[in-house]
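Raw query-v7.cif, mmCIF, C-alpha atoms:
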data_final
#
loop_
_atom_site.label_atom_id
_atom_site.label_comp_id
_atom_site.auth_asym_id
_atom_site.auth_seq_id
_atom_site.Cartn_x
_atom_site.Cartn_y
_atom_site.Cartn_z
CA VAL Z 198 -22.50 238.37 124.71
CA ALA Z 199 -26.25 238.35 125.43
CA LYS Z 200 -27.75 241.77 125.93
CA ASP Z 201 -28.62 242.52 129.52
CA LEU Z 202 -32.34 241.96 130.14
CA VAL Z 203 -32.15 244.22 133.19
CA ILE Z 204 -31.55 247.17 130.89
CA SER Z 205 -34.81 246.44 129.08
CA TYR Z 206 -36.66 246.63 132.38
CA LEU Z 207 -34.83 249.80 133.40
CA LEU Z 208 -35.67 251.29 130.02
CA ASP Z 209 -39.37 250.54 130.55
CA CYS Z 210 -39.18 252.08 133.97
CA TYR Z 211 -37.05 255.19 133.44
CA GLY Z 212 -36.83 255.59 129.65
CA GLU Z 213 -38.81 258.83 129.75
CA LEU Z 214 -36.05 260.45 131.79
CA LEU Z 215 -33.49 259.93 128.99
CA SER Z 216 -33.11 262.23 126.02
CA GLU Z 217 -35.23 261.19 123.03
CA LYS Z 218 -32.13 260.22 121.06
CA GLN Z 219 -30.71 258.03 123.83
CA ARG Z 220 -34.04 256.43 124.57
CA ASN Z 221 -34.55 255.65 120.90
CA LEU Z 222 -31.11 254.05 120.41
CA ALA Z 223 -31.35 252.06 123.63
CA TYR Z 224 -34.81 250.88 122.59
CA LEU Z 225 -33.56 249.68 119.22
CA TYR Z 226 -30.61 247.92 120.81
CA TYR Z 227 -32.25 246.33 123.86
CA ASP Z 228 -35.93 245.93 123.00
CA GLU Z 229 -35.79 245.49 119.23
CA ASP Z 230 -32.48 243.62 119.51
CA LEU Z 231 -30.87 245.35 116.53
CA SER Z 232 -27.08 245.14 116.22
CA LEU Z 233 -24.82 248.17 116.58
CA ALA Z 234 -24.10 247.88 112.84
CA GLU Z 235 -27.81 248.02 111.99
CA ILE Z 236 -28.46 250.91 114.34
CA SER Z 237 -25.53 252.97 113.10
CA GLU Z 238 -26.63 252.44 109.50
CA ASN Z 239 -30.31 253.29 110.19
CA GLU Z 240 -29.46 256.35 112.25
CA GLY Z 241 -26.67 257.61 110.02
CA ILE Z 242 -24.07 257.66 112.81
CA THR Z 243 -20.84 255.74 113.32
CA ARG Z 244 -20.83 252.39 115.06
CA GLN Z 245 -18.66 253.92 117.78
CA GLY Z 246 -21.04 256.84 118.16
CA ALA Z 247 -24.02 254.49 118.53
CA ASN Z 248 -22.09 252.40 121.04
CA ASP Z 249 -21.16 255.47 123.12
CA LEU Z 250 -24.74 256.76 123.25
CA ILE Z 251 -26.13 253.37 124.22
CA LYS Z 252 -23.49 252.84 126.91
CA ARG Z 253 -24.21 256.27 128.33
CA ALA Z 254 -27.95 255.53 128.37
CA GLU Z 255 -27.24 252.24 130.14
CA HIS Z 256 -25.07 253.99 132.72
CA GLN Z 257 -27.74 256.64 133.36
CA LEU Z 258 -30.48 254.02 133.78
CA ARG Z 259 -28.43 252.09 136.33
CA ASP Z 260 -27.57 255.30 138.13
CA ILE Z 261 -31.24 256.31 138.40
CA GLU Z 262 -32.18 252.84 139.69
CA ASN Z 263 -29.42 253.07 142.31
CA LYS Z 264 -30.86 256.39 143.43
CA LEU Z 265 -34.60 255.61 143.28
CA GLY Z 266 -34.85 251.82 143.39
CA VAL Z 267 -38.25 251.77 141.67
CA LEU Z 268 -37.55 248.48 139.90
CA LYS Z 269 -36.23 246.81 143.05
CA ASN Z 270 -39.30 247.94 144.98
CA ALA Z 271 -41.61 246.83 142.18
CA ARG Z 272 -40.25 243.31 142.53
CA VAL Z 273 -40.87 243.24 146.26
CA LEU Z 274 -44.38 244.59 145.69
CA LYS Z 275 -45.12 241.92 143.07
CA GLY Z 276 -44.25 239.31 145.68
CA ILE Z 277 -46.55 240.98 148.19
CA SER Z 278 -49.38 241.09 145.67
CA GLU Z 279 -49.02 237.33 145.12
CA GLU Z 280 -48.86 236.59 148.84
CA LEU Z 281 -52.06 238.57 149.38
CA ARG Z 282 -53.76 236.46 146.76
CA ASN Z 283 -52.59 233.30 148.53
CA LEU Z 284 -53.75 234.59 151.91
CA SER Z 285 -57.13 235.51 150.45
CA ILE Z 286 -57.74 231.81 149.72
CA LYS Z 287 -57.27 230.95 153.38
CA SER Z 288 -59.31 233.88 154.72
CA ASP Z 289 -62.97 234.37 155.56
CA LYS Z 290 -65.16 235.69 152.78
CA ASP Z 291 -65.21 239.39 153.74
CA ILE Z 292 -61.51 239.62 154.39
CA SER Z 293 -60.74 237.48 151.36
CA SER Z 294 -62.37 239.92 148.94
CA GLU Z 295 -60.61 242.86 150.59
CA LEU Z 296 -57.26 241.14 150.19
CA LEU Z 297 -57.94 240.45 146.51
CA LYS Z 298 -58.78 244.10 145.95
CA LEU Z 299 -55.55 245.22 147.63
CA SER Z 300 -53.58 242.68 145.61
CA ASP Z 301 -55.08 244.07 142.39
CA THR Z 302 -54.27 247.64 143.37
CA ILE Z 303 -50.63 246.74 144.01
CA GLU Z 304 -50.49 244.89 140.71
CA LYS Z 305 -51.76 247.94 138.85
CA ILE Z 306 -48.90 249.96 140.33
CA THR Z 307 -46.18 247.41 139.53
CA ASP Z 308 -47.50 246.80 136.01
CA ASN Z 309 -46.25 250.25 135.07
CA TYR Z 310 -42.67 249.19 135.76
CA VAL V 6 -47.54 282.92 149.47
CA ALA V 7 -46.88 279.71 151.43
CA LYS V 8 -44.24 277.49 149.92
CA ASP V 9 -45.62 274.40 148.27
CA LEU V 10 -45.29 271.42 150.62
CA VAL V 11 -45.55 269.07 147.64
CA ILE V 12 -42.16 270.28 146.46
CA SER V 13 -40.61 269.21 149.76
CA TYR V 14 -41.95 265.70 149.23
CA LEU V 15 -40.78 265.65 145.61
CA LEU V 16 -37.38 266.85 146.75
CA ASP V 17 -37.15 263.97 149.24
CA CYS V 18 -38.17 261.57 146.54
CA TYR V 19 -36.20 262.75 143.49
CA GLY V 20 -33.67 265.23 144.88
CA GLU V 21 -30.75 262.97 143.98
CA LEU V 22 -31.63 263.32 140.31
CA LEU V 23 -31.07 267.09 140.41
CA SER V 24 -27.67 268.75 140.12
CA GLU V 25 -26.00 269.34 143.47
CA LYS V 26 -26.43 273.11 143.12
CA GLN V 27 -30.13 272.88 142.35
CA ARG V 28 -30.77 270.33 145.06
CA ASN V 29 -28.96 272.47 147.59
CA LEU V 30 -30.84 275.66 146.75
CA ALA V 31 -34.21 273.90 146.63
CA TYR V 32 -33.41 272.30 149.98
CA LEU V 33 -32.60 275.65 151.59
CA TYR V 34 -35.76 277.22 150.16
CA TYR V 35 -38.30 274.43 150.73
CA ASP V 36 -36.96 272.38 153.64
CA GLU V 37 -35.02 275.00 155.60
CA ASP V 38 -37.55 277.67 154.66
CA LEU V 39 -34.94 280.35 153.96
CA SER V 40 -36.05 283.37 151.92
CA LEU V 41 -34.70 284.12 148.45
CA ALA V 42 -32.85 287.08 149.94
CA GLU V 43 -31.14 284.87 152.54
CA ILE V 44 -30.25 282.22 149.98
CA SER V 45 -28.84 284.69 147.46
CA GLU V 46 -26.72 286.30 150.17
CA ASN V 47 -25.42 282.97 151.56
CA GLU V 48 -24.69 281.57 148.12
CA GLY V 49 -23.24 284.74 146.64
CA ILE V 50 -25.67 284.86 143.71
CA THR V 51 -28.34 287.36 142.73
CA ARG V 52 -31.87 287.03 144.04
CA GLN V 53 -33.04 286.55 140.49
CA GLY V 54 -30.42 283.84 139.89
CA ALA V 55 -31.50 281.98 143.02
CA ASN V 56 -35.13 282.28 141.99
CA ASP V 57 -34.41 280.92 138.49
CA LEU V 58 -32.49 277.92 139.79
CA ILE V 59 -35.17 277.07 142.35
CA LYS V 60 -37.98 277.43 139.80
CA ARG V 61 -36.10 275.19 137.38
CA ALA V 62 -35.57 272.59 140.11
CA GLU V 63 -39.27 272.75 140.94
CA HIS V 64 -40.19 272.28 137.29
CA GLN V 65 -37.86 269.30 136.94
CA LEU V 66 -39.21 267.64 140.08
CA ARG V 67 -42.80 267.97 138.87
CA ASP V 68 -41.79 266.70 135.44
CA ILE V 69 -40.13 263.59 136.91
CA GLU V 70 -43.18 262.89 139.09
CA ASN V 71 -45.44 263.19 136.02
CA LYS V 72 -43.26 260.63 134.27
CA LEU V 73 -42.63 258.17 137.13
CA GLY V 74 -45.41 258.80 139.66
CA VAL V 75 -43.37 257.41 142.56
CA LEU V 76 -44.92 259.84 145.06
CA LYS V 77 -48.46 259.18 143.84
CA ASN V 78 -47.89 255.43 144.11
CA ALA V 79 -46.30 255.79 147.54
CA ARG V 80 -49.51 257.42 148.79
CA VAL V 81 -51.65 254.58 147.48
CA LEU V 82 -49.25 252.06 149.05
CA LYS V 83 -49.39 253.82 152.41
CA GLY V 84 -53.16 253.42 152.35
CA ILE V 85 -52.78 249.72 151.52
CA SER V 86 -50.31 249.24 154.36
CA GLU V 87 -52.84 250.75 156.78
CA GLU V 88 -55.70 248.64 155.45
CA LEU V 89 -53.62 245.50 155.90
CA ARG V 90 -53.04 246.43 159.50
CA ASN V 91 -56.79 246.91 159.98
CA LEU V 92 -57.57 243.59 158.30
CA SER V 93 -54.99 241.84 160.47
CA ILE V 94 -57.05 242.74 163.55
CA LYS V 95 -60.07 240.94 162.11
CA SER V 96 -58.14 237.91 160.88
CA ASP V 97 -57.18 234.57 162.40
CA LYS V 98 -53.87 234.43 164.20
CA ASP V 99 -51.73 232.92 161.40
CA ILE V 100 -53.07 235.15 158.68
CA SER V 101 -53.01 238.14 160.99
CA SER V 102 -49.26 237.93 161.55
CA GLU V 103 -48.63 237.48 157.82
CA LEU V 104 -50.67 240.58 157.06
CA LEU V 105 -48.73 242.60 159.62
CA LYS V 106 -45.45 241.50 158.05
CA LEU V 107 -46.62 242.51 154.58
CA SER V 108 -47.85 245.83 155.94
CA ASP V 109 -44.41 246.48 157.45
CA THR V 110 -42.62 245.60 154.22
CA ILE V 111 -44.79 248.06 152.27
CA GLU V 112 -44.17 250.71 154.91
CA LYS V 113 -40.42 250.26 154.59
CA ILE V 114 -40.69 250.92 150.85
CA THR V 115 -42.88 254.01 151.19
CA ASP V 116 -40.79 255.45 154.03
CA ASN V 117 -38.05 256.16 151.50
CA TYR V 118 -40.33 258.59 149.65
#
Represent the structure contained in this file as structure tokens.
Amino acid sequence: VAKDLVISYLLDCYGELLSEKQRNLAYLYYDEDLSLAEISENEGITRQGANDLIKRAEHQLRDIENKLGVLKNARVLKGISEELRNLSIKSDKDISSELLKLSDTIEKITDNY
Amino acid sequence: VAKDLVISYLLDCYGELLSEKQRNLAYLYYDEDLSLAEISENEGITRQGANDLIKRAEHQLRDIENKLGVLKNARVLKGISEELRNLSIKSDKDISSELLKLSDTIEKITDNY
């Protein structure tokens, strides 16, 4: 089974809210793509223990997203940032440069997520 | 000392991430503006206990905002939403209505925070 890419995004977004241990294991599993066997060996824990911690991290990340929706909003905002860039092409000079600036500001916010 | 209005905003934004007990006490203190004496009496805990729980909730809320910055970003986005509405007044009809739509979409996102 392919690892869920959504979890990588959620980890980027909310990883700091997890415990250091959970964040670390989830990072190795989802971002570094290590296997449970590799992680359990490196960390000196059982394969089952590694699996439990990673599953719990995954559950917490999804729960936080359900409550805050930062990732969902970031996607909407990325679309808005793009649309503003498109509209800037069709706009008069003054307005065009304002729209580009606003697009950039939105992009800076969504880049964090 | 006036209660910190920022905590009310943080509570709106991240309250669901607190335990039910902490959220409830912080809500009574910051949103309902009850005193520590009133809260401790209503909840059947000591004044000191109520104070500790509320302070811990406050600390957690600030910590989450430092890590995620949702409230800070929401403020920037509110400004962008307003600017888009201003720019729509100066724009041609087609672009104007697009800008208003984007402004509304941003407002819907920030209204949650």
- Message: Expand the PyMOL selection byres ((chain V and resi 85) around 10) into the explicit residue set it covers here, and present it as JSON, numbers by chain.
- Response: {"Z": [296, 298, 299, 300, 302, 303], "V": [79, 80, 81, 82, 83, 84, 86, 87, 88, 89, 90, 91, 107, 108, 111, 112]}
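Taking atom CA of Asp291 of chain Z and atom CA of Leu92 of chain V as the two end points, the separation is 9.8 Å.
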Item checked: Result set, the PyMOL selection byres ((chain V and resi 11-25) around 12) on current file, as a PyMOL selection string -> (chain Z and resi 211+214-215+257-258+260-267) or (chain V and resi 7-10+26-38+58-80+114-118)
request  = Grab the atom CA of Lys95 of chain V to atom CA of Lys305 of chain Z distance for me, in Å with one decimal place.
outcome  =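 About the pair atom CA of Lys95 of chain V and atom CA of Lys305 of chain Z: they are 25.7 Å apart.
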Take atom CA of Ser288 of chain Z and atom CA of Asp109 of chain V and report the distance between them in Å, one decimal.
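A separation of 19.7 Å between them.
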* **Pick from V:Glu46, V:Ile100, V:Asp57, V:Leu105 nearest to chain Z, counting all atoms listed in the file** =>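 Under the stated criterion, the closest residue is V:Ile100.
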